[in-house]
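This is work-v4.cif. It holds mmCIF, C-alpha atoms.
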data_data
loop_
_atom_site.label_atom_id
_atom_site.label_comp_id
_atom_site.auth_asym_id
_atom_site.auth_seq_id
_atom_site.Cartn_x
_atom_site.Cartn_y
_atom_site.Cartn_z
CA MET P 33 0.00 0.00 0.00
CA PRO P 34 1.47 3.40 -0.91
CA ARG P 35 2.48 5.59 2.04
CA GLN P 36 0.11 8.41 1.16
CA VAL P 37 -2.98 6.23 1.61
CA ASP P 38 -4.70 7.43 4.77
CA HIS P 39 -5.46 5.40 7.86
CA ALA P 40 -9.15 4.81 7.13
CA ALA P 41 -8.51 3.66 3.57
CA ARG P 42 -5.77 1.26 4.69
CA LEU P 43 -7.94 -0.20 7.39
CA GLU P 44 -10.73 -0.62 4.86
CA ALA P 45 -8.39 -2.43 2.46
CA VAL P 46 -7.30 -4.74 5.28
CA GLU P 47 -10.92 -5.50 6.23
CA ASP P 48 -11.88 -6.02 2.58
CA ALA P 49 -9.07 -8.57 2.38
CA VAL P 50 -10.48 -10.48 5.38
CA VAL P 51 -13.89 -10.68 3.71
CA ALA P 52 -12.43 -11.73 0.37
CA ILE P 53 -10.21 -14.44 1.85
CA ALA P 54 -12.97 -15.79 4.12
CA ALA P 55 -15.43 -15.89 1.20
CA ASP P 56 -12.97 -17.66 -1.06
CA ALA P 57 -11.44 -20.20 1.28
CA GLY P 58 -13.10 -20.00 4.71
CA PHE P 59 -12.17 -18.26 7.95
CA ASP P 60 -9.45 -20.75 8.88
CA THR P 61 -7.36 -19.36 6.05
CA VAL P 62 -7.64 -15.75 7.27
CA THR P 63 -4.28 -15.04 8.91
CA ILE P 64 -2.38 -11.78 9.40
CA ARG P 65 0.12 -13.14 6.88
CA ALA P 66 -2.55 -13.95 4.27
CA VAL P 67 -4.16 -10.53 4.72
CA ALA P 68 -0.79 -8.78 4.37
CA LYS P 69 -0.09 -10.70 1.17
CA HIS P 70 -3.57 -9.86 -0.17
CA VAL P 71 -3.07 -6.10 0.32
CA GLY P 72 0.57 -6.18 -0.81
CA ALA P 73 2.04 -5.08 2.52
CA SER P 74 4.18 -6.57 5.26
CA THR P 75 2.60 -8.20 8.31
CA SER P 76 3.90 -5.32 10.47
CA VAL P 77 1.81 -2.87 8.40
CA VAL P 78 -1.29 -4.98 9.11
CA THR P 79 -0.54 -5.28 12.83
CA HIS P 80 -0.04 -1.51 12.92
CA TYR P 81 -3.75 -1.20 12.13
CA VAL P 82 -5.15 -4.07 14.19
CA GLY P 83 -3.97 -5.46 17.50
CA SER P 84 -4.70 -9.13 16.83
CA ARG P 85 -6.23 -11.61 14.40
CA GLU P 86 -9.29 -11.73 16.67
CA GLU P 87 -9.78 -7.97 16.49
CA LEU P 88 -9.21 -8.05 12.74
CA LEU P 89 -11.90 -10.71 12.27
CA ARG P 90 -14.42 -9.00 14.53
CA ASN P 91 -14.03 -5.59 12.90
CA ALA P 92 -14.17 -6.95 9.36
CA VAL P 93 -17.22 -9.13 10.07
CA ARG P 94 -19.05 -6.31 11.84
CA ARG P 95 -18.40 -3.86 9.02
CA GLU P 96 -19.57 -6.39 6.43
CA LEU P 97 -22.76 -7.28 8.33
CA ASP P 98 -23.46 -3.60 9.04
CA SER P 99 -23.31 -2.84 5.36
CA ARG P 100 -25.83 -5.66 4.67
CA ARG P 101 -28.10 -4.04 7.31
CA ALA P 102 -27.77 -0.65 5.63
CA GLU P 103 -28.74 -2.22 2.29
CA ALA P 104 -31.78 -3.90 3.84
CA ASP P 105 -32.82 -0.61 5.44
CA ALA P 106 -32.47 1.17 2.11
CA ALA P 107 -34.62 -1.50 0.42
CA THR P 108 -37.55 -0.83 2.78
CA GLU P 109 -37.26 2.96 2.90
CA GLY P 110 -40.63 4.63 2.67
CA LEU P 111 -42.48 1.30 2.87
CA ASP P 112 -44.34 -0.34 5.72
CA GLY P 113 -46.24 -3.51 6.57
CA GLN P 114 -46.55 -6.09 3.83
CA ALA P 115 -44.77 -3.99 1.17
CA ALA P 116 -41.76 -3.49 3.46
CA LEU P 117 -41.73 -7.19 4.38
CA ARG P 118 -41.75 -8.25 0.75
CA ALA P 119 -39.06 -5.67 -0.11
CA VAL P 120 -36.68 -6.86 2.61
CA VAL P 121 -37.12 -10.54 1.72
CA GLU P 122 -36.67 -9.81 -2.00
CA TRP P 123 -33.56 -7.83 -1.11
CA ALA P 124 -32.19 -10.78 0.91
CA VAL P 125 -32.66 -13.37 -1.84
CA LEU P 126 -32.10 -11.28 -4.98
CA SER P 127 -29.64 -8.49 -4.24
CA PRO P 128 -26.48 -9.65 -2.43
CA THR P 129 -23.65 -10.82 -4.66
CA GLU P 130 -22.55 -14.45 -4.79
CA ARG P 131 -19.49 -13.38 -2.78
CA SER P 132 -21.70 -11.85 -0.05
CA HIS P 133 -23.65 -15.09 0.18
CA ARG P 134 -20.44 -17.13 0.23
CA PHE P 135 -19.00 -14.92 2.99
CA TRP P 136 -22.14 -15.29 5.03
CA LEU P 137 -22.17 -19.09 4.70
CA ALA P 138 -18.47 -19.27 5.59
CA LEU P 139 -19.25 -17.21 8.69
CA VAL P 140 -22.23 -19.37 9.67
CA LEU P 141 -20.06 -22.49 9.40
CA HIS P 142 -17.22 -20.94 11.37
CA THR P 143 -18.95 -19.63 14.48
CA ALA P 144 -18.92 -22.89 16.46
CA GLY P 145 -16.12 -22.53 19.01
CA HIS P 146 -15.46 -18.90 17.99
CA PRO P 147 -17.36 -16.72 20.51
CA THR P 148 -16.33 -13.43 18.90
CA LEU P 149 -17.73 -14.36 15.50
CA ARG P 150 -20.74 -16.05 17.10
CA GLY P 151 -21.41 -12.76 18.91
CA GLU P 152 -21.27 -10.77 15.66
CA LEU P 153 -23.59 -13.22 13.88
CA ASN P 154 -26.02 -13.21 16.84
CA ARG P 155 -26.05 -9.40 16.79
CA PHE P 156 -26.96 -9.43 13.11
CA ASN P 157 -29.55 -12.19 13.52
CA ARG P 158 -31.26 -10.42 16.43
CA TRP P 159 -31.61 -7.35 14.26
CA TRP P 160 -32.90 -9.42 11.33
CA ASN P 161 -35.43 -11.40 13.42
CA GLN P 162 -36.77 -8.30 15.16
CA ARG P 163 -37.11 -6.55 11.84
CA ILE P 164 -38.97 -9.47 10.20
CA GLU P 165 -41.26 -10.09 13.20
CA ARG P 166 -42.13 -6.41 13.46
CA LEU P 167 -43.00 -6.24 9.76
CA LEU P 168 -45.06 -9.44 10.04
CA ARG P 169 -47.02 -7.90 12.92
CA GLU P 170 -47.53 -4.66 11.00
CA ALA P 171 -48.75 -6.72 8.03
CA GLY P 172 -51.31 -8.47 10.25
CA SER P 173 -49.65 -11.89 10.59
CA ALA P 174 -51.60 -14.31 12.76
CA ASP P 175 -48.43 -16.16 13.82
CA PRO P 176 -45.33 -13.94 13.53
CA ASP P 177 -42.98 -16.45 15.24
CA ARG P 178 -43.72 -19.32 12.89
CA GLU P 179 -43.89 -17.10 9.82
CA ALA P 180 -40.56 -15.46 10.70
CA ASP P 181 -39.06 -18.97 10.90
CA LEU P 182 -40.50 -19.79 7.50
CA ILE P 183 -39.02 -16.63 5.98
CA SER P 184 -35.60 -17.29 7.54
CA LEU P 185 -35.71 -20.84 6.24
CA PHE P 186 -36.58 -19.61 2.77
CA VAL P 187 -33.75 -17.07 2.73
CA ASP P 188 -31.21 -19.58 4.10
CA GLY P 189 -32.40 -22.15 1.56
CA ILE P 190 -32.05 -19.76 -1.39
CA VAL P 191 -28.55 -18.77 -0.32
CA VAL P 192 -27.40 -22.40 -0.14
CA SER P 193 -29.28 -23.70 -3.17
CA GLY P 194 -27.08 -21.80 -5.62
CA PHE P 195 -23.88 -23.25 -4.21
CA ASP P 196 -25.49 -26.67 -3.99
CA ALA P 197 -26.47 -26.52 -7.67
CA GLY P 198 -23.11 -25.05 -8.75
CA GLU P 199 -24.61 -21.77 -9.95
CA PRO P 200 -27.14 -19.33 -8.50
CA TRP P 201 -30.77 -20.09 -9.28
CA THR P 202 -32.17 -17.53 -11.73
CA PRO P 203 -34.08 -14.54 -10.29
CA GLU P 204 -37.25 -15.93 -11.95
CA ARG P 205 -36.82 -19.28 -10.21
CA ARG P 206 -36.21 -17.58 -6.85
CA THR P 207 -39.21 -15.31 -7.33
CA THR P 208 -41.52 -18.22 -8.20
CA LEU P 209 -40.48 -19.91 -4.96
CA LEU P 210 -40.85 -16.71 -2.98
CA ASP P 211 -44.41 -16.43 -4.32
CA ALA P 212 -45.10 -20.01 -3.18
CA VAL P 213 -43.80 -19.30 0.33
CA TRP P 214 -45.58 -15.96 0.40
CA ALA P 215 -48.89 -17.65 -0.31
CA THR P 216 -48.54 -19.56 2.99
CA LEU P 217 -48.23 -16.36 5.08
CA SER P 218 -51.27 -14.87 6.78
CA VAL P 219 -50.48 -11.34 5.54
CA MET R 100 -2.86 -47.65 13.21
CA PRO R 101 -1.79 -51.09 14.50
CA ARG R 102 -0.19 -53.35 11.90
CA GLN R 103 -2.82 -56.07 12.15
CA VAL R 104 -5.61 -53.77 10.96
CA ASP R 105 -6.60 -54.91 7.48
CA HIS R 106 -6.55 -52.87 4.31
CA ALA R 107 -10.28 -52.09 4.22
CA ALA R 108 -10.37 -50.94 7.83
CA ARG R 109 -7.31 -48.70 7.32
CA LEU R 110 -8.80 -47.17 4.20
CA GLU R 111 -12.04 -46.58 6.08
CA ALA R 112 -10.18 -44.87 8.93
CA VAL R 113 -8.40 -42.64 6.41
CA GLU R 114 -11.67 -41.73 4.70
CA ASP R 115 -13.36 -41.10 8.05
CA ALA R 116 -10.54 -38.71 8.88
CA VAL R 117 -11.18 -36.77 5.64
CA VAL R 118 -14.85 -36.38 6.54
CA ALA R 119 -14.09 -35.37 10.13
CA ILE R 120 -11.46 -32.79 9.16
CA ALA R 121 -13.61 -31.32 6.36
CA ALA R 122 -16.63 -31.08 8.67
CA ASP R 123 -14.61 -29.41 11.43
CA ALA R 124 -12.50 -26.97 9.47
CA GLY R 125 -13.40 -27.13 5.76
CA PHE R 126 -11.89 -28.93 2.80
CA ASP R 127 -8.91 -26.59 2.47
CA THR R 128 -7.53 -28.07 5.68
CA VAL R 129 -7.73 -31.66 4.41
CA THR R 130 -4.14 -32.54 3.53
CA ILE R 131 -2.34 -35.91 3.45
CA ARG R 132 -0.38 -34.66 6.47
CA ALA R 133 -3.51 -33.68 8.44
CA VAL R 134 -5.15 -37.03 7.64
CA ALA R 135 -2.02 -38.93 8.71
CA LYS R 136 -1.94 -37.00 11.99
CA HIS R 137 -5.66 -37.67 12.54
CA VAL R 138 -5.26 -41.46 12.17
CA GLY R 139 -1.96 -41.52 14.05
CA ALA R 140 0.14 -42.75 11.11
CA SER R 141 2.88 -41.39 8.90
CA THR R 142 2.10 -39.71 5.58
CA SER R 143 3.68 -42.67 3.76
CA VAL R 144 1.08 -44.98 5.32
CA VAL R 145 -1.69 -42.75 3.96
CA THR R 146 -0.15 -42.51 0.49
CA HIS R 147 0.17 -46.32 0.50
CA TYR R 148 -3.64 -46.42 0.49
CA VAL R 149 -4.40 -43.51 -1.83
CA GLY R 150 -2.50 -42.20 -4.82
CA SER R 151 -3.15 -38.50 -4.31
CA ARG R 152 -5.03 -35.91 -2.26
CA GLU R 153 -7.52 -35.64 -5.13
CA GLU R 154 -8.23 -39.39 -5.07
CA LEU R 155 -8.49 -39.31 -1.29
CA LEU R 156 -11.07 -36.50 -1.40
CA ARG R 157 -13.12 -38.11 -4.16
CA ASN R 158 -13.28 -41.52 -2.49
CA ALA R 159 -14.11 -40.14 0.94
CA VAL R 160 -16.82 -37.81 -0.39
CA ARG R 161 -18.36 -40.54 -2.53
CA ARG R 162 -18.44 -43.00 0.37
CA GLU R 163 -20.02 -40.40 2.65
CA LEU R 164 -22.68 -39.36 0.11
CA ASP R 165 -23.39 -43.01 -0.75
CA SER R 166 -24.06 -43.74 2.89
CA ARG R 167 -26.53 -40.82 3.02
CA ARG R 168 -28.27 -42.32 -0.05
CA ALA R 169 -28.45 -45.70 1.64
CA GLU R 170 -30.04 -44.09 4.71
CA ALA R 171 -32.59 -42.25 2.56
CA ASP R 172 -33.42 -45.51 0.76
CA ALA R 173 -33.89 -47.28 4.08
CA ALA R 174 -36.20 -44.49 5.28
CA THR R 175 -38.60 -45.03 2.36
CA GLU R 176 -38.46 -48.82 2.26
CA GLY R 177 -41.89 -50.34 1.76
CA LEU R 178 -43.50 -46.93 1.19
CA ASP R 179 -44.62 -45.20 -1.98
CA GLY R 180 -46.10 -41.94 -3.21
CA GLN R 181 -46.90 -39.35 -0.56
CA ALA R 182 -45.83 -41.53 2.40
CA ALA R 183 -42.42 -42.18 0.80
CA LEU R 184 -42.02 -38.50 -0.08
CA ARG R 185 -42.77 -37.41 3.47
CA ALA R 186 -40.46 -40.12 4.89
CA VAL R 187 -37.50 -39.07 2.75
CA VAL R 188 -37.94 -35.36 3.52
CA GLU R 189 -38.32 -36.09 7.24
CA TRP R 190 -35.19 -38.22 7.03
CA ALA R 191 -33.27 -35.36 5.37
CA VAL R 192 -34.20 -32.74 7.97
CA LEU R 193 -34.43 -34.81 11.15
CA SER R 194 -31.99 -37.73 10.93
CA PRO R 195 -28.48 -36.73 9.84
CA THR R 196 -26.14 -35.69 12.63
CA GLU R 197 -24.92 -32.12 12.99
CA ARG R 198 -21.56 -33.35 11.70
CA SER R 199 -23.21 -34.78 8.56
CA HIS R 200 -24.90 -31.47 7.92
CA ARG R 201 -21.67 -29.59 8.56
CA PHE R 202 -19.78 -31.88 6.19
CA TRP R 203 -22.39 -31.38 3.49
CA LEU R 204 -22.29 -27.57 3.83
CA ALA R 205 -18.49 -27.58 3.75
CA LEU R 206 -18.70 -29.63 0.54
CA VAL R 207 -21.29 -27.33 -1.04
CA LEU R 208 -19.07 -24.32 -0.30
CA HIS R 209 -15.95 -26.01 -1.61
CA THR R 210 -17.03 -27.27 -5.04
CA ALA R 211 -16.42 -24.01 -6.94
CA GLY R 212 -13.17 -24.53 -8.83
CA HIS R 213 -12.92 -28.18 -7.71
CA PRO R 214 -14.33 -30.27 -10.58
CA THR R 215 -13.84 -33.61 -8.80
CA LEU R 216 -15.89 -32.58 -5.78
CA ARG R 217 -18.40 -30.74 -7.99
CA GLY R 218 -18.82 -34.02 -9.90
CA GLU R 219 -19.48 -35.99 -6.72
CA LEU R 220 -22.01 -33.43 -5.47
CA ASN R 221 -23.74 -33.33 -8.87
CA ARG R 222 -23.95 -37.14 -8.86
CA PHE R 223 -25.65 -37.03 -5.45
CA ASN R 224 -27.96 -34.15 -6.39
CA ARG R 225 -29.07 -35.86 -9.61
CA TRP R 226 -30.04 -38.90 -7.58
CA TRP R 227 -31.83 -36.74 -4.98
CA ASN R 228 -33.72 -34.65 -7.55
CA GLN R 229 -34.84 -37.70 -9.54
CA ARG R 230 -35.96 -39.41 -6.39
CA ILE R 231 -37.97 -36.39 -5.17
CA GLU R 232 -39.54 -35.67 -8.58
CA ARG R 233 -40.52 -39.32 -9.04
CA LEU R 234 -42.16 -39.41 -5.61
CA LEU R 235 -43.94 -36.12 -6.30
CA ARG R 236 -45.33 -37.58 -9.57
CA GLU R 237 -46.40 -40.77 -7.81
CA ALA R 238 -48.13 -38.65 -5.17
CA GLY R 239 -50.05 -36.79 -7.88
CA SER R 240 -48.19 -33.47 -7.82
CA ALA R 241 -49.51 -30.96 -10.36
CA ASP R 242 -46.08 -29.28 -10.69
CA PRO R 243 -43.23 -31.65 -9.75
CA ASP R 244 -40.46 -29.27 -10.92
CA ARG R 245 -41.54 -26.36 -8.76
CA GLU R 246 -42.46 -28.53 -5.81
CA ALA R 247 -39.12 -30.34 -5.96
CA ASP R 248 -37.44 -26.91 -5.82
CA LEU R 249 -39.53 -26.00 -2.80
CA ILE R 250 -38.57 -29.22 -1.02
CA SER R 251 -34.86 -28.73 -1.81
CA LEU R 252 -35.08 -25.18 -0.54
CA PHE R 253 -36.74 -26.35 2.65
CA VAL R 254 -34.10 -29.02 3.28
CA ASP R 255 -31.22 -26.64 2.50
CA GLY R 256 -32.79 -24.00 4.75
CA ILE R 257 -33.19 -26.39 7.68
CA VAL R 258 -29.59 -27.55 7.38
CA VAL R 259 -28.26 -23.99 7.46
CA SER R 260 -30.67 -22.60 10.04
CA GLY R 261 -29.15 -24.58 12.88
CA PHE R 262 -25.65 -23.29 12.20
CA ASP R 263 -27.01 -19.80 11.65
CA ALA R 264 -28.75 -19.89 15.04
CA GLY R 265 -25.78 -21.50 16.80
CA GLU R 266 -27.64 -24.70 17.64
CA PRO R 267 -29.94 -27.03 15.67
CA TRP R 268 -33.61 -26.08 15.66
CA THR R 269 -35.63 -28.55 17.74
CA PRO R 270 -37.33 -31.44 15.92
CA GLU R 271 -40.71 -29.89 16.87
CA ARG R 272 -39.76 -26.57 15.28
CA ARG R 273 -38.51 -28.33 12.13
CA THR R 274 -41.66 -30.44 11.93
CA THR R 275 -43.95 -27.42 12.30
CA LEU R 276 -42.18 -25.80 9.37
CA LEU R 277 -42.26 -29.00 7.35
CA ASP R 278 -46.04 -29.08 7.88
CA ALA R 279 -46.29 -25.48 6.63
CA VAL R 280 -44.30 -26.28 3.48
CA TRP R 281 -46.20 -29.54 3.03
CA ALA R 282 -49.50 -27.68 3.00
CA THR R 283 -48.35 -25.82 -0.12
CA LEU R 284 -47.74 -29.04 -2.11
CA SER R 285 -50.43 -30.37 -4.44
CA VAL R 286 -50.11 -33.92 -3.07
#
Go ahead and render the structure in this file as structure tokens.
Amino acid sequence: MPRQVDHAARLEAVEDAVVAIAADAGFDTVTIRAVAKHVGASTSVVTHYVGSREELLRNAVRRELDSRRAEADAATEGLDGQAALRAVVEWAVLSPTERSHRFWLALVLHTAGHPTLRGELNRFNRWWNQRIERLLREAGSADPDREADLISLFVDGIVVSGFDAGEPWTPERRTTLLDAVWATLSV
Amino acid sequence: MPRQVDHAARLEAVEDAVVAIAADAGFDTVTIRAVAKHVGASTSVVTHYVGSREELLRNAVRRELDSRRAEADAATEGLDGQAALRAVVEWAVLSPTERSHRFWLALVLHTAGHPTLRGELNRFNRWWNQRIERLLREAGSADPDREADLISLFVDGIVVSGFDAGEPWTPERRTTLLDAVWATLSV
């Protein structure tokens, strides 16, 4: 990294590298050394910006999940009730890139035995569940708990199905399935 | 491994080690060296049984997926149509261990850029899809393609949801959701 790059930009490049490496090869391969190599710097440059691998992982994961939250918020802006619910679910299954989905699955698989990452994923999931249950209530759902489970299951299933099949399902195929799941909701 | 252990048992121990390591830490961490360490033997013992890492991975994955197929077949034995369909889906979401699910997700995430593993997963998925579509037809489904997608999505979603939440959803919670998805099928 050239010397004139400022602190924030360097830190962002380091965190981007964490996300890229984790998405490509899993969290076990994210080391200070691998991150340094990815950004073209020495390990001492990386450790200048972060105190430990643990801190590096937590910050990078939080920033990534926060940016997914911001996208979901933007997708529902100006909407409420059923329209907002549909918009946030469509966002979740149609908008994120394959790399975002791959990063998220790598994270989900890696949290067992890693309290820091588990904590970050729980933080995101609490936000997601509260958001979905609130929208279900606003939309008049008769059973927000069960219907929130069904929506989570649908989103998780869509994310995995593309990797399972070797390529993402087409938007049309995802939308057809979303319509089928939607028809089961009491909204 | 003690000397008196026969060839088949040694090979099985080596393949078990592949599955265990992949489930715990992903396929990138499965090396001849890691497998040797796991079974308490030297790398030359492992390479005596398999010609290459690639062959080791393919054989271990095929054996593991074949044993899932055998379990699914056993679950539907003596049943047909709707009863067989329900039995195989219940098997998929209720029976495999957390480690089996973790292994399968690690495989799904690892097949991009790995044609051998992609081939093994495709082989399994072809079998699964044909089985589900045949049972849907036998059960009188009006739209076997779409309904097979919905079932795959449900199974994939259940597998991921447990890791996403940090612990497997209870059988009751899974069954409630299965009932909700089931109600959408035309069988």
> Around (-9.3, -3.3, 8.7) in the file's frame, which residues reach within 12 Å when counting only C-alpha atoms? Return as an MDAnalysis selection string?
Replying inline: chainID P and resid 39:51 64 67:68 71 77:96
>> Under the PyMOL selection byres ((chain P and resi 141-146) around 8), which residues of this model are included? Write them out as a ChimeraX atom specification.
In response: /P:58-59,137-140,147-150,153 /R:124,201,204-205,262-263,265
Print the selection's residues with C-alpha atoms to a file, as a short mmCIF file (atom, residue, chain, number, x, y, z; two decimals), keeping the file's coordinate frame.
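So result_33.cif came out as:
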data_model
loop_
_atom_site.label_atom_id
_atom_site.label_comp_id
_atom_site.auth_asym_id
_atom_site.auth_seq_id
_atom_site.Cartn_x
_atom_site.Cartn_y
_atom_site.Cartn_z
CA GLY P 58 -13.10 -20.00 4.71
CA PHE P 59 -12.17 -18.26 7.95
CA LEU P 137 -22.17 -19.09 4.70
CA ALA P 138 -18.47 -19.27 5.59
CA LEU P 139 -19.25 -17.21 8.69
CA VAL P 140 -22.23 -19.37 9.67
CA PRO P 147 -17.36 -16.72 20.51
CA THR P 148 -16.33 -13.43 18.90
CA LEU P 149 -17.73 -14.36 15.50
CA ARG P 150 -20.74 -16.05 17.10
CA LEU P 153 -23.59 -13.22 13.88
CA ALA R 124 -12.50 -26.97 9.47
CA ARG R 201 -21.67 -29.59 8.56
CA LEU R 204 -22.29 -27.57 3.83
CA ALA R 205 -18.49 -27.58 3.75
CA PHE R 262 -25.65 -23.29 12.20
CA ASP R 263 -27.01 -19.80 11.65
CA GLY R 265 -25.78 -21.50 16.80
#
> At what distance in Å, to one decimal, does atom CA of Pro128 of chain P lie from atom CA of Leu276 of chain R?
Replying inline: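 Atom CA of Pro128 of chain P lies 25.4 Å from atom CA of Leu276 of chain R.
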Neighbours of Arg236 of chain R within 12 Å (only C-alpha atoms; same-chain residues fewer than 3 positions away dropped), as a CSV table (one decimal) with C-alpha atoms, keeping the file's coordinate frame?
chain,number,residue,atom,x,y,z
R,179,ASP,CA,-44.6,-45.2,-2.0
R,180,GLY,CA,-46.1,-41.9,-3.2
R,181,GLN,CA,-46.9,-39.4,-0.6
R,183,ALA,CA,-42.4,-42.2,0.8
R,184,LEU,CA,-42.0,-38.5,-0.1
R,229,GLN,CA,-34.8,-37.7,-9.5
R,230,ARG,CA,-36.0,-39.4,-6.4
R,231,ILE,CA,-38.0,-36.4,-5.2
R,232,GLU,CA,-39.5,-35.7,-8.6
R,233,ARG,CA,-40.5,-39.3,-9.0
R,239,GLY,CA,-50.0,-36.8,-7.9
R,240,SER,CA,-48.2,-33.5,-7.8
R,241,ALA,CA,-49.5,-31.0,-10.4
R,242,ASP,CA,-46.1,-29.3,-10.7
R,243,PRO,CA,-43.2,-31.6,-9.8
R,244,ASP,CA,-40.5,-29.3,-10.9
R,245,ARG,CA,-41.5,-26.4,-8.8
R,246,GLU,CA,-42.5,-28.5,-5.8
R,247,ALA,CA,-39.1,-30.3,-6.0
R,284,LEU,CA,-47.7,-29.0,-2.1
R,285,SER,CA,-50.4,-30.4,-4.4
R,286,VAL,CA,-50.1,-33.9,-3.1
> Expressed in Å to a single decimal, how great is the separation between atom CA of Val258 of chain R and atom CA of Glu176 of chain R?
Replying inline: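 Atom CA of Glu176 of chain R lies at a distance of 23.6 Å from atom CA of Val258 of chain R.
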Missing atoms in segment 240-260 of chain R need filling: write out N, CA and C atoms for it as a JSON list (two decimals), in the frame of the given file.
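That gives us rebuild_8.json:
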[["chain", "number", "residue", "atom", "x", "y", "z"],
["R", 240, "SER", "N", -48.52, -34.90, -7.77],
["R", 240, "SER", "CA", -48.19, -33.47, -7.82],
["R", 240, "SER", "C", -48.55, -32.87, -9.17],
["R", 241, "ALA", "N", -49.12, -31.66, -9.12],
["R", 241, "ALA", "CA", -49.51, -30.96, -10.36],
["R", 241, "ALA", "C", -48.30, -30.25, -10.97],
["R", 242, "ASP", "N", -47.24, -30.04, -10.19],
["R", 242, "ASP", "CA", -46.08, -29.28, -10.69],
["R", 242, "ASP", "C", -44.81, -29.80, -10.01],
["R", 243, "PRO", "N", -44.37, -31.00, -10.44],
["R", 243, "PRO", "CA", -43.23, -31.65, -9.75],
["R", 243, "PRO", "C", -41.95, -30.81, -9.78],
["R", 244, "ASP", "N", -41.69, -30.07, -10.86],
["R", 244, "ASP", "CA", -40.46, -29.27, -10.92],
["R", 244, "ASP", "C", -40.43, -28.22, -9.81],
["R", 245, "ARG", "N", -41.49, -27.43, -9.75],
["R", 245, "ARG", "CA", -41.54, -26.36, -8.76],
["R", 245, "ARG", "C", -41.57, -26.91, -7.34],
["R", 246, "GLU", "N", -42.33, -27.98, -7.17],
["R", 246, "GLU", "CA", -42.46, -28.53, -5.81],
["R", 246, "GLU", "C", -41.17, -29.22, -5.36],
["R", 247, "ALA", "N", -40.43, -29.78, -6.31],
["R", 247, "ALA", "CA", -39.12, -30.34, -5.96],
["R", 247, "ALA", "C", -38.17, -29.22, -5.53],
["R", 248, "ASP", "N", -38.24, -28.08, -6.23],
["R", 248, "ASP", "CA", -37.44, -26.91, -5.82],
["R", 248, "ASP", "C", -37.79, -26.48, -4.40],
["R", 249, "LEU", "N", -39.08, -26.44, -4.12],
["R", 249, "LEU", "CA", -39.53, -26.00, -2.80],
["R", 249, "LEU", "C", -39.03, -26.95, -1.71],
["R", 250, "ILE", "N", -39.05, -28.24, -2.00],
["R", 250, "ILE", "CA", -38.57, -29.22, -1.02],
["R", 250, "ILE", "C", -37.05, -29.08, -0.83],
["R", 251, "SER", "N", -36.32, -28.90, -1.93],
["R", 251, "SER", "CA", -34.86, -28.73, -1.81],
["R", 251, "SER", "C", -34.53, -27.49, -0.99],
["R", 252, "LEU", "N", -35.28, -26.44, -1.25],
["R", 252, "LEU", "CA", -35.08, -25.18, -0.54],
["R", 252, "LEU", "C", -35.33, -25.37, 0.95],
["R", 253, "PHE", "N", -36.39, -26.10, 1.26],
["R", 253, "PHE", "CA", -36.74, -26.35, 2.65],
["R", 253, "PHE", "C", -35.62, -27.14, 3.33],
["R", 254, "VAL", "N", -35.16, -28.19, 2.68],
["R", 254, "VAL", "CA", -34.10, -29.02, 3.28],
["R", 254, "VAL", "C", -32.83, -28.21, 3.45],
["R", 255, "ASP", "N", -32.42, -27.49, 2.40],
["R", 255, "ASP", "CA", -31.22, -26.64, 2.50],
["R", 255, "ASP", "C", -31.37, -25.62, 3.63],
["R", 256, "GLY", "N", -32.55, -25.02, 3.71],
["R", 256, "GLY", "CA", -32.79, -24.00, 4.75],
["R", 256, "GLY", "C", -32.68, -24.58, 6.14],
["R", 257, "ILE", "N", -33.26, -25.76, 6.35],
["R", 257, "ILE", "CA", -33.19, -26.39, 7.68],
["R", 257, "ILE", "C", -31.74, -26.69, 8.06],
["R", 258, "VAL", "N", -30.99, -27.19, 7.09],
["R", 258, "VAL", "CA", -29.59, -27.55, 7.38],
["R", 258, "VAL", "C", -28.82, -26.31, 7.84],
["R", 259, "VAL", "N", -29.01, -25.20, 7.13],
["R", 259, "VAL", "CA", -28.26, -23.99, 7.46],
["R", 259, "VAL", "C", -28.77, -23.32, 8.74],
["R", 260, "SER", "N", -30.09, -23.37, 8.95],
["R", 260, "SER", "CA", -30.67, -22.60, 10.04],
["R", 260, "SER", "C", -30.05, -22.92, 11.39]]
